[in-house]
$ cat entry_4.pdb   # PDB, C-alpha atoms
ATOM      1  CA  MET A  15      29.359 -14.349  21.530
ATOM      2  CA  SER A  16      30.300 -17.930  20.845
ATOM      3  CA  VAL A  17      30.115 -18.978  17.204
ATOM      4  CA  SER A  18      30.549 -22.601  16.197
ATOM      5  CA  GLY A  19      31.711 -23.634  12.764
ATOM      6  CA  TYR A  20      32.312 -21.457   9.732
ATOM      7  CA  GLN A  21      29.567 -18.921   9.345
ATOM      8  CA  GLU A  22      28.929 -15.744   7.417
ATOM      9  CA  PHE A  23      26.802 -12.978   8.920
ATOM     10  CA  TRP A  24      24.614 -11.299   6.325
ATOM     11  CA  VAL A  25      22.810  -8.022   6.771
ATOM     12  CA  VAL A  26      19.627  -8.255   4.710
ATOM     13  CA  GLY A  27      18.229  -4.889   3.883
ATOM     14  CA  SER A  28      19.734  -3.174   1.298
ATOM     15  CA  ARG A  29      16.896  -2.674  -1.128
ATOM     16  CA  PHE A  30      14.125  -4.257  -3.158
ATOM     17  CA  TYR A  31      13.573  -2.623  -6.535
ATOM     18  CA  PHE A  32      10.573  -3.310  -8.768
ATOM     19  CA  GLN A  33       9.711  -2.371 -12.342
ATOM     20  CA  ASN A  34       6.056  -2.810 -13.307
ATOM     21  CA  ASP A  35       5.592  -4.328 -16.741
ATOM     22  CA  THR A  36       2.673  -1.962 -17.424
ATOM     23  CA  ASP A  37       4.795   1.131 -16.781
ATOM     24  CA  THR A  38       5.652   2.477 -20.220
ATOM     25  CA  ASN A  39       8.406   4.623 -18.696
ATOM     26  CA  ASN A  40      10.133   1.562 -17.184
ATOM     27  CA  THR A  41      10.290   3.306 -13.812
ATOM     28  CA  LEU A  42      12.349   1.424 -11.260
ATOM     29  CA  LEU A  43      10.579   1.738  -7.900
ATOM     30  CA  ASP A  44      12.530   1.670  -4.671
ATOM     31  CA  LEU A  45      10.345   0.055  -2.019
ATOM     32  CA  GLY A  46      12.424   1.818   0.607
ATOM     33  CA  VAL A  47      13.484   0.485   3.982
ATOM     34  CA  VAL A  48      13.217  -3.300   3.892
ATOM     35  CA  LYS A  49      13.290  -4.614   7.457
ATOM     36  CA  THR A  50      13.041  -8.320   6.765
ATOM     37  CA  VAL A  51      13.154 -10.564   3.721
ATOM     38  CA  SER A  52      11.892 -14.107   4.249
ATOM     39  CA  PRO A  53      12.474 -16.455   1.321
ATOM     40  CA  THR A  54      10.357 -19.576   0.890
ATOM     41  CA  LEU A  55      11.684 -22.304  -1.397
ATOM     42  CA  GLU A  56       9.380 -25.240  -2.089
ATOM     43  CA  THR A  57       9.881 -28.170  -4.406
ATOM     44  CA  GLU A  58       7.616 -30.967  -5.516
ATOM     45  CA  LYS A  59       8.939 -34.171  -7.023
ATOM     46  CA  ILE A  60       7.823 -37.513  -8.350
ATOM     47  CA  GLU A  61       9.509 -40.795  -7.503
ATOM     48  CA  LEU A  62       9.830 -44.044  -9.368
ATOM     49  CA  GLU A  63       9.804 -47.018  -7.015
ATOM     50  CA  ASP A  64      10.700 -50.629  -7.654
ATOM     51  CA  ALA A  65       9.326 -53.302  -5.298
ATOM     52  CA  ASP A  66      11.460 -56.112  -6.722
ATOM     53  CA  GLY A  67      12.896 -58.084  -3.802
ATOM     54  CA  GLY A  68      10.010 -57.268  -1.490
ATOM     55  CA  ILE A  69      11.098 -53.776  -0.507
ATOM     56  CA  ARG A  70       9.934 -50.734  -2.383
ATOM     57  CA  ARG A  71      12.988 -48.689  -3.176
ATOM     58  CA  THR A  72      13.264 -45.401  -4.993
ATOM     59  CA  VAL A  73      15.172 -45.917  -8.203
ATOM     60  CA  ALA A  74      14.649 -42.490  -9.770
ATOM     61  CA  GLU A  75      13.111 -39.128  -8.940
ATOM     62  CA  ALA A  76      12.523 -35.839 -10.686
ATOM     63  CA  ILE A  77      11.542 -32.335  -9.593
ATOM     64  CA  THR A  78       8.203 -31.303 -11.081
ATOM     65  CA  LYS A  79       7.691 -27.934  -9.400
ATOM     66  CA  MET A  80       9.882 -25.232  -7.896
ATOM     67  CA  SER A  81       8.351 -22.301  -6.005
ATOM     68  CA  GLU A  82      10.441 -19.332  -4.853
ATOM     69  CA  THR A  83       8.720 -16.546  -2.927
ATOM     70  CA  TYR A  84      10.064 -13.613  -0.927
ATOM     71  CA  ASP A  85       8.024 -11.915   1.803
ATOM     72  CA  LEU A  86       9.210  -8.303   2.074
ATOM     73  CA  VAL A  87       8.516  -6.234   5.184
ATOM     74  CA  CYS A  88       8.754  -2.535   4.270
ATOM     75  CA  ASN A  89       8.463   0.621   6.366
ATOM     76  CA  ASN A  90       7.736   3.076   3.567
ATOM     77  CA  PHE A  91       4.108   4.142   3.287
ATOM     78  CA  ASN A  92       4.440   6.054   0.047
ATOM     79  CA  LEU A  93       1.724   5.873  -2.597
ATOM     80  CA  ASP A  94       3.660   3.516  -4.851
ATOM     81  CA  ASN A  95       4.044   0.938  -2.096
ATOM     82  CA  LEU A  96       0.419   1.303  -1.026
ATOM     83  CA  ALA A  97      -0.694   0.849  -4.634
ATOM     84  CA  LEU A  98       1.136  -2.486  -4.660
ATOM     85  CA  LEU A  99      -0.270  -3.417  -1.256
ATOM     86  CA  PHE A 100      -3.871  -2.753  -2.287
ATOM     87  CA  MET A 101      -3.449  -4.380  -5.726
ATOM     88  CA  ALA A 102      -4.253  -1.106  -7.474
ATOM     89  CA  ASP A 103      -4.580  -0.795 -11.212
ATOM     90  CA  SER A 104      -1.606  -0.226 -13.456
ATOM     91  CA  ASN A 105      -2.196   3.534 -13.666
ATOM     92  CA  SER A 106      -2.015   4.134  -9.921
ATOM     93  CA  PRO A 107      -1.105   6.286  -8.194
ATOM     94  CA  GLN A 108      -2.670   9.200 -10.039
ATOM     95  CA  ASP A 109      -2.918  12.936  -9.580
ATOM     96  CA  PHE A 110      -5.828  14.096  -7.491
ATOM     97  CA  ASP A 111      -6.994  17.686  -7.383
ATOM     98  CA  GLN A 112      -9.520  19.277  -5.085
ATOM     99  CA  ALA A 113     -10.112  22.817  -6.227
ATOM    100  CA  VAL A 114     -10.491  25.823  -3.939
ATOM    101  CA  THR A 115     -13.989  26.539  -5.205
ATOM    102  CA  GLU A 116     -16.897  27.221  -2.886
ATOM    103  CA  VAL A 117     -19.666  24.638  -3.105
ATOM    104  CA  GLN A 118     -22.998  26.131  -2.079
ATOM    105  CA  ASN A 119     -26.249  24.779  -0.698
ATOM    106  CA  VAL A 120     -25.293  21.118  -0.460
ATOM    107  CA  ALA A 121     -28.012  19.153   1.324
ATOM    108  CA  HIS A 122     -26.984  17.045   4.316
ATOM    109  CA  ILE A 123     -29.034  15.165   6.902
ATOM    110  CA  ALA A 124     -28.438  16.266  10.486
ATOM    111  CA  VAL A 125     -27.883  13.417  12.944
ATOM    112  CA  ILE A 126     -27.614  13.855  16.686
ATOM    113  CA  GLY A 127     -26.290  11.390  19.204
ATOM    114  CA  PRO A 128     -23.135  10.001  20.797
ATOM    115  CA  GLY A 129     -20.584   9.105  18.151
ATOM    116  CA  LYS A 130     -22.810  10.345  15.303
ATOM    117  CA  PHE A 131     -21.395  12.904  12.900
ATOM    118  CA  VAL A 132     -22.096  14.510   9.528
ATOM    119  CA  LYS A 133     -19.605  13.956   6.710
ATOM    120  CA  ILE A 134     -19.104  16.954   4.448
ATOM    121  CA  LYS A 135     -19.768  16.153   0.779
ATOM    122  CA  ASP A 136     -20.211  17.988  -2.512
ATOM    123  CA  ALA A 137     -23.317  18.137  -4.699
ATOM    124  CA  SER A 138     -22.350  14.795  -6.307
ATOM    125  CA  SER A 139     -22.097  13.146  -2.877
ATOM    126  CA  ASN A 140     -18.311  12.897  -3.107
ATOM    127  CA  TRP A 141     -16.708  13.146   0.315
ATOM    128  CA  LEU A 142     -14.550  16.232   0.769
ATOM    129  CA  TYR A 143     -11.427  16.630   2.861
ATOM    130  CA  SER A 144      -9.258  19.516   4.063
ATOM    131  CA  ILE A 145     -12.062  22.040   4.497
ATOM    132  CA  THR A 146     -11.190  25.691   4.972
ATOM    133  CA  SER A 147     -14.615  26.852   6.158
ATOM    134  CA  ALA A 148     -18.296  25.938   6.138
ATOM    135  CA  ILE A 149     -21.629  27.701   6.713
ATOM    136  CA  VAL A 150     -24.527  25.564   7.931
ATOM    137  CA  LYS A 151     -28.027  26.817   7.007
ATOM    138  CA  SER A 152     -31.599  25.674   7.533
ATOM    139  CA  GLY A 153     -32.698  26.159   3.921
ATOM    140  CA  ASN A 154     -31.592  26.495   0.323
ATOM    141  CA  PRO A 155     -31.765  30.185  -0.693
ATOM    142  CA  SER A 156     -32.503  29.247  -4.302
ATOM    143  CA  THR A 157     -35.785  27.566  -3.354
ATOM    144  CA  THR A 158     -36.847  28.945  -0.015
ATOM    145  CA  THR A 159     -36.423  31.839   2.354
ATOM    146  CA  THR A 160     -33.771  31.149   4.934
ATOM    147  CA  SER A 161     -33.186  32.425   8.396
ATOM    148  CA  ALA A 162     -29.780  33.349   9.728
ATOM    149  CA  PRO A 163     -27.143  30.598   9.454
ATOM    150  CA  TYR A 164     -26.779  28.199  12.339
ATOM    151  CA  VAL A 165     -24.135  29.278  14.842
ATOM    152  CA  GLU A 166     -20.850  27.426  14.954
ATOM    153  CA  ASP A 167     -20.009  26.014  18.405
ATOM    154  CA  THR A 168     -23.630  26.615  19.465
ATOM    155  CA  ASP A 169     -25.643  24.597  16.955
ATOM    156  CA  TRP A 170     -22.795  22.601  15.429
ATOM    157  CA  GLU A 171     -19.032  22.236  15.741
ATOM    158  CA  TRP A 172     -16.074  20.928  13.830
ATOM    159  CA  VAL A 173     -14.819  17.455  14.646
ATOM    160  CA  SER A 174     -12.056  17.694  12.042
ATOM    161  CA  LYS A 175     -11.585  20.102   9.161
ATOM    162  CA  ASP A 176      -8.901  17.827   7.708
ATOM    163  CA  ARG A 177     -11.340  14.920   7.621
ATOM    164  CA  GLY A 178     -14.363  17.041   6.757
ATOM    165  CA  ILE A 179     -16.507  16.014   9.739
ATOM    166  CA  ILE A 180     -18.915  18.122  11.817
ATOM    167  CA  LYS A 181     -21.015  17.330  14.868
ATOM    168  CA  ILE A 182     -24.571  18.571  15.414
ATOM    169  CA  LEU A 183     -24.976  19.701  19.033
ATOM    170  CA  SER A 184     -28.000  18.385  20.886
ATOM    171  CA  THR A 185     -28.233  21.667  22.813
ATOM    172  CA  GLY A 186     -28.552  23.740  19.621
ATOM    173  CA  SER A 187     -31.373  24.654  17.274
ATOM    174  CA  ILE A 188     -30.882  21.846  14.748
ATOM    175  CA  THR A 189     -33.198  18.863  15.100
ATOM    176  CA  ASP A 190     -32.300  15.238  14.477
ATOM    177  CA  GLY A 191     -33.109  14.193  10.905
ATOM    178  CA  GLU A 192     -33.445  17.762   9.663
ATOM    179  CA  THR A 193     -32.175  18.611   6.181
ATOM    180  CA  ILE A 194     -29.472  21.230   6.472
ATOM    181  CA  TYR A 195     -27.686  23.080   3.668
ATOM    182  CA  ILE A 196     -23.962  23.728   3.828
ATOM    183  CA  ASP A 197     -21.756  26.177   1.935
ATOM    184  CA  ILE A 198     -18.281  24.637   1.756
ATOM    185  CA  THR A 199     -14.894  26.097   0.887
ATOM    186  CA  PRO A 200     -12.398  23.247   0.379
ATOM    187  CA  SER A 201      -8.645  23.586   0.654
ATOM    188  CA  LEU A 202      -6.463  22.903  -2.357
ATOM    189  CA  ILE A 203      -5.353  19.290  -2.675
ATOM    190  CA  SER A 204      -3.029  18.409  -5.529
ATOM    191  CA  GLY A 205      -0.365  15.860  -6.242
ATOM    192  CA  ARG A 206      -0.078  12.098  -6.496
ATOM    193  CA  ARG A 207      -2.516  10.987  -3.802
ATOM    194  CA  LEU A 208      -5.084   8.790  -5.532
ATOM    195  CA  VAL A 209      -5.171   5.030  -6.038
ATOM    196  CA  TYR A 210      -7.966   2.692  -7.097
ATOM    197  CA  PRO A 211      -7.592  -0.437  -4.952
ATOM    198  CA  GLN A 212      -8.342  -4.080  -5.619
ATOM    199  CA  THR A 213      -8.762  -4.257  -9.354
ATOM    200  CA  GLY A 214      -8.099  -7.981  -9.210
ATOM    201  CA  SER A 215      -5.304  -7.945 -11.756
ATOM    202  CA  ILE A 216      -1.980  -9.651 -11.203
ATOM    203  CA  ILE A 217       0.953  -7.254 -10.863
ATOM    204  CA  ASN A 218       3.858  -8.458 -12.970
ATOM    205  CA  GLY A 219       7.292  -6.984 -13.287
ATOM    206  CA  LYS A 220      11.018  -7.297 -12.909
ATOM    207  CA  ALA A 221      12.684  -7.208  -9.516
ATOM    208  CA  MET A 222      16.079  -6.727  -7.950
ATOM    209  CA  LEU A 223      16.548  -7.917  -4.381
ATOM    210  CA  VAL A 224      19.896  -6.521  -3.252
ATOM    211  CA  TRP A 225      21.363  -7.544   0.070
ATOM    212  CA  SER A 226      24.750  -6.840   1.524
ATOM    213  CA  ARG A 227      27.244  -7.421   4.276
ATOM    214  CA  ASN A 228      30.249  -5.626   5.713
ATOM    215  CA  ASN A 229      28.641  -2.197   5.337
ATOM    216  CA  ASN A 230      27.793  -2.770   1.676
ATOM    217  CA  ALA A 231      31.352  -3.702   0.804
ATOM    218  CA  GLU A 232      29.989  -7.016  -0.452
ATOM    219  CA  GLN A 233      26.671  -7.096  -2.306
ATOM    220  CA  THR A 234      24.538  -9.786  -3.877
ATOM    221  CA  VAL A 235      21.504  -9.340  -6.105
ATOM    222  CA  ARG A 236      18.678 -11.702  -6.993
ATOM    223  CA  GLU A 237      17.197 -10.730 -10.344
ATOM    224  CA  ALA A 238      13.865 -12.196 -11.381
ATOM    225  CA  ASP A 239      10.583 -11.744 -13.140
ATOM    226  CA  VAL A 240       8.051 -11.696 -10.317
ATOM    227  CA  THR A 241       4.428 -11.224  -9.424
ATOM    228  CA  ILE A 242       3.621  -8.949  -6.487
ATOM    229  CA  SER A 243       0.742  -9.863  -4.197
ATOM    230  CA  THR A 244      -0.600  -8.634  -0.886
ATOM    231  CA  ASN A 245       0.502 -10.427   2.231
ATOM    232  CA  ALA A 246      -0.162  -8.256   5.276
ATOM    233  CA  ALA A 247       0.032  -4.764   6.752
ATOM    234  CA  ASN A 248       0.548  -3.477  10.248
ATOM    235  CA  PHE A 249      -0.831   0.032  10.657
ATOM    236  CA  GLN A 250       0.549   1.355  13.935
ATOM    237  CA  VAL A 251      -1.259   4.078  15.818
ATOM    238  CA  GLU A 252       2.130   5.522  16.681
ATOM    239  CA  ASP A 253       5.677   5.027  15.495
ATOM    240  CA  TYR A 254       6.412   3.334  12.176
ATOM    241  CA  SER A 255       3.910   1.199  10.346
ATOM    242  CA  ASP A 256       4.905  -1.524   7.945
ATOM    243  CA  LEU A 257       3.528  -3.558   5.072
ATOM    244  CA  THR A 258       4.373  -7.004   3.761
ATOM    245  CA  LEU A 259       4.410  -7.899   0.071
ATOM    246  CA  SER A 260       5.019 -11.299  -1.475
ATOM    247  CA  ALA A 261       7.189 -11.424  -4.573
ATOM    248  CA  LYS A 262       6.826 -14.774  -6.357
ATOM    249  CA  VAL A 263       9.507 -15.637  -8.870
ATOM    250  CA  VAL A 264       8.106 -16.573 -12.278
ATOM    251  CA  SER A 265      11.357 -16.574 -14.202
ATOM    252  CA  ASP A 266      12.120 -19.244 -16.786
ATOM    253  CA  VAL A 267      15.061 -21.127 -15.280
ATOM    254  CA  THR A 268      16.267 -22.157 -18.736
ATOM    255  CA  GLU A 269      17.097 -18.566 -19.618
ATOM    256  CA  THR A 270      20.558 -17.156 -19.004
ATOM    257  CA  THR A 271      20.045 -13.454 -19.613
ATOM    258  CA  ALA A 272      18.865 -10.946 -17.028
ATOM    259  CA  PRO A 273      16.364 -10.646 -15.505
ATOM    260  CA  ALA A 274      15.468 -14.301 -15.940
ATOM    261  CA  GLY A 275      16.482 -15.293 -12.468
ATOM    262  CA  ARG A 276      20.167 -14.652 -11.929
ATOM    263  CA  LEU A 277      21.737 -14.699  -8.491
ATOM    264  CA  LEU A 278      24.804 -12.551  -8.761
ATOM    265  CA  GLN A 279      27.376 -11.515  -6.208
ATOM    266  CA  TYR A 280      28.830  -8.550  -8.000
ATOM    267  CA  LYS A 281      30.845  -6.844  -5.285
ATOM    268  CA  GLY A 282      33.250  -8.189  -2.689
ATOM    269  CA  THR A 283      34.712 -11.590  -2.012
ATOM    270  CA  LEU A 284      32.714 -14.776  -2.004
ATOM    271  CA  PRO A 285      31.361 -16.002   1.343
ATOM    272  CA  ALA A 286      33.623 -18.418   3.116
TER     273      ALA A 286
END
$ encode --input "entry_4.pdb" --output "structure tokens"
Amino acid sequence: MSVSGYQEFWVVGSRFYFQNDTDTNNTLLDLGVVKTVSPTLETEKIELEDADGGIRRTVAEAITKMSETYDLVCNNFNLDNLALLFMADSNSPQDFDQAVTEVQNVAHIAVIGPGKFVKIKDASSNWLYSITSAIVKSGNPSTTTTSAPYVEDTDWEWVSKDRGIIKILSTGSITDGETIYIDITPSLISGRRLVYPQTGSIINGKAMLVWSRNNNAEQTVREADVTISTNAANFQVEDYSDLTLSAKVVSDVTETTAPAGRLLQYKGTLPA
């Protein structure tokens, strides 16, 4: 490979760390594998011109605005990153629990036709996921006499237990538009799996963008107060998906203490 001039080859990708200002524990989040970091530096300035002599010449100018933004392409689809991507509230992600408790006689409307399914829900119309088993009936035993339950794989069938979806078979005994009653046994779901997207609030915090070269023997960090906003996401059907977040620097450039916007090479020799 022919290289002209004096150049340094930098491997961007070390890490982007973020600390949400609303996190009372001051948790430092690692956004994970950062494929690409694209900085955008924009300045606006005013100019003073003097037309004396017949030609307007600039005699003075001043910078009135400086904008520094980093677009971060990440491969980690953990809940913390997705909460940032979907502009979730400051308490996300939260614990979500789905108890292993049978829910009986929940009314559903049977629909029949190509691509038409029934979504399993509880008595409060909350959609349920990860279903262990279900019994589909023609009536509610508490209010009416019922016949034998409808037969699985004859009158109805599972499309996905994980997604809580069943299909009513046109060749079975269930009619289109009929009210059916389902006994449901959900699987246990617990852990940090719940976010509330798009609250509209700005996400503020402190960031460390660390990049390196020579197998991390030389490392540089950009510290800043930033706002995180959604840029884009690429959800792949297969392989690795990625998301893009924009971190806009809002540091006061007159400050000298971290994290007010330092750019620090703290390991290795300076670039040639």
$ resolve_selection --input "entry_4.pdb" --expression "the PyMOL selection byres ((chain A and resi 231) around 12)" --output "PyMOL selection string"
chain A and resi 24-25+28+225-230+232-234+279-284
$ atom_distance --input "entry_4.pdb" --atom1 "CA of Lys181 (chain A)" --atom2 "CA of Thr146 (chain A)"
16.3 Å
$ resolve_selection --input "entry_4.pdb" --expression "the PyMOL selection byres ((chain A and resi 184-187) around 12)" --output "count of residues only"
30
$ atom_distance --input "entry_4.pdb" --atom1 "CA of Ser265 (chain A)" --atom2 "CA of Glu75 (chain A)"
23.2 Å
$ resolve_selection --input "entry_4.pdb" --expression "the PyMOL selection byres ((chain A and resi 74) around 7)" --output "list of chain:residue names"
A:Glu61, A:Leu62, A:Thr72, A:Val73, A:Glu75
$ closest_residue --input "entry_4.pdb" --among "A:Pro211, A:Gly219, A:Gly205, A:Pro107" --to "Phe32 (chain A)" --atoms "all atoms listed in the file"
A:Gly219
$ atom_distance --input "entry_4.pdb" --atom1 "CA of Tyr143 (chain A)" --atom2 "CA of Leu43 (chain A)"
28.7 Å
$ closest_residue --input "entry_4.pdb" --among "A:Leu99, A:Ala121, A:Leu208, A:Ala221" --to "Thr41 (chain A)" --atoms "all atoms listed in the file"
A:Ala221
$ closest_residue --input "entry_4.pdb" --among "A:Asn34, A:Leu142, A:Thr244, A:Glu116" --to "Leu257 (chain A)" --atoms "only C-alpha atoms"
A:Thr244
$ closest_residue --input "entry_4.pdb" --among "A:Val209, A:Ile179, A:Ile242, A:Val117" --to "Asp197 (chain A)" --atoms "only C-alpha atoms"
A:Val117
$ closest_atom_pairs --input "entry_4.pdb" --of "region 155-247 of chain A" --to "region 82-97 of chain A" --cutoff "12 Å" --atoms "all atoms listed in the file" --output "JSON lines"
{"residue": "A:Gly205", "atom": "CA", "partner": "A:Leu93", "partner_atom": "CA", "distance": 10.8}
{"residue": "A:Arg206", "atom": "CA", "partner": "A:Leu93", "partner_atom": "CA", "distance": 7.6}
{"residue": "A:Arg207", "atom": "CA", "partner": "A:Leu93", "partner_atom": "CA", "distance": 6.8}
{"residue": "A:Leu208", "atom": "CA", "partner": "A:Leu93", "partner_atom": "CA", "distance": 8.0}
{"residue": "A:Val209", "atom": "CA", "partner": "A:Ala97", "partner_atom": "CA", "distance": 6.3}
{"residue": "A:Tyr210", "atom": "CA", "partner": "A:Ala97", "partner_atom": "CA", "distance": 7.9}
{"residue": "A:Pro211", "atom": "CA", "partner": "A:Ala97", "partner_atom": "CA", "distance": 7.0}
{"residue": "A:Gln212", "atom": "CA", "partner": "A:Ala97", "partner_atom": "CA", "distance": 9.2}
{"residue": "A:Thr213", "atom": "CA", "partner": "A:Ala97", "partner_atom": "CA", "distance": 10.7}
{"residue": "A:Ile217", "atom": "CA", "partner": "A:Ala97", "partner_atom": "CA", "distance": 10.4}
{"residue": "A:Ala221", "atom": "CA", "partner": "A:Tyr84", "partner_atom": "CA", "distance": 11.0}
{"residue": "A:Met222", "atom": "CA", "partner": "A:Tyr84", "partner_atom": "CA", "distance": 11.5}
{"residue": "A:Leu223", "atom": "CA", "partner": "A:Tyr84", "partner_atom": "CA", "distance": 9.3}
{"residue": "A:Arg236", "atom": "CA", "partner": "A:Tyr84", "partner_atom": "CA", "distance": 10.7}
{"residue": "A:Ala238", "atom": "CA", "partner": "A:Glu82", "partner_atom": "CA", "distance": 10.3}
{"residue": "A:Asp239", "atom": "CA", "partner": "A:Glu82", "partner_atom": "CA", "distance": 11.2}
{"residue": "A:Val240", "atom": "CA", "partner": "A:Thr83", "partner_atom": "CA", "distance": 8.9}
{"residue": "A:Thr241", "atom": "CA", "partner": "A:Thr83", "partner_atom": "CA", "distance": 9.4}
{"residue": "A:Ile242", "atom": "CA", "partner": "A:Tyr84", "partner_atom": "CA", "distance": 9.7}
{"residue": "A:Ser243", "atom": "CA", "partner": "A:Asp85", "partner_atom": "CA", "distance": 9.7}
{"residue": "A:Thr244", "atom": "CA", "partner": "A:Asp85", "partner_atom": "CA", "distance": 9.6}
{"residue": "A:Asn245", "atom": "CA", "partner": "A:Asp85", "partner_atom": "CA", "distance": 7.7}
{"residue": "A:Ala246", "atom": "CA", "partner": "A:Val87", "partner_atom": "CA", "distance": 8.9}
{"residue": "A:Ala247", "atom": "CA", "partner": "A:Val87", "partner_atom": "CA", "distance": 8.8}
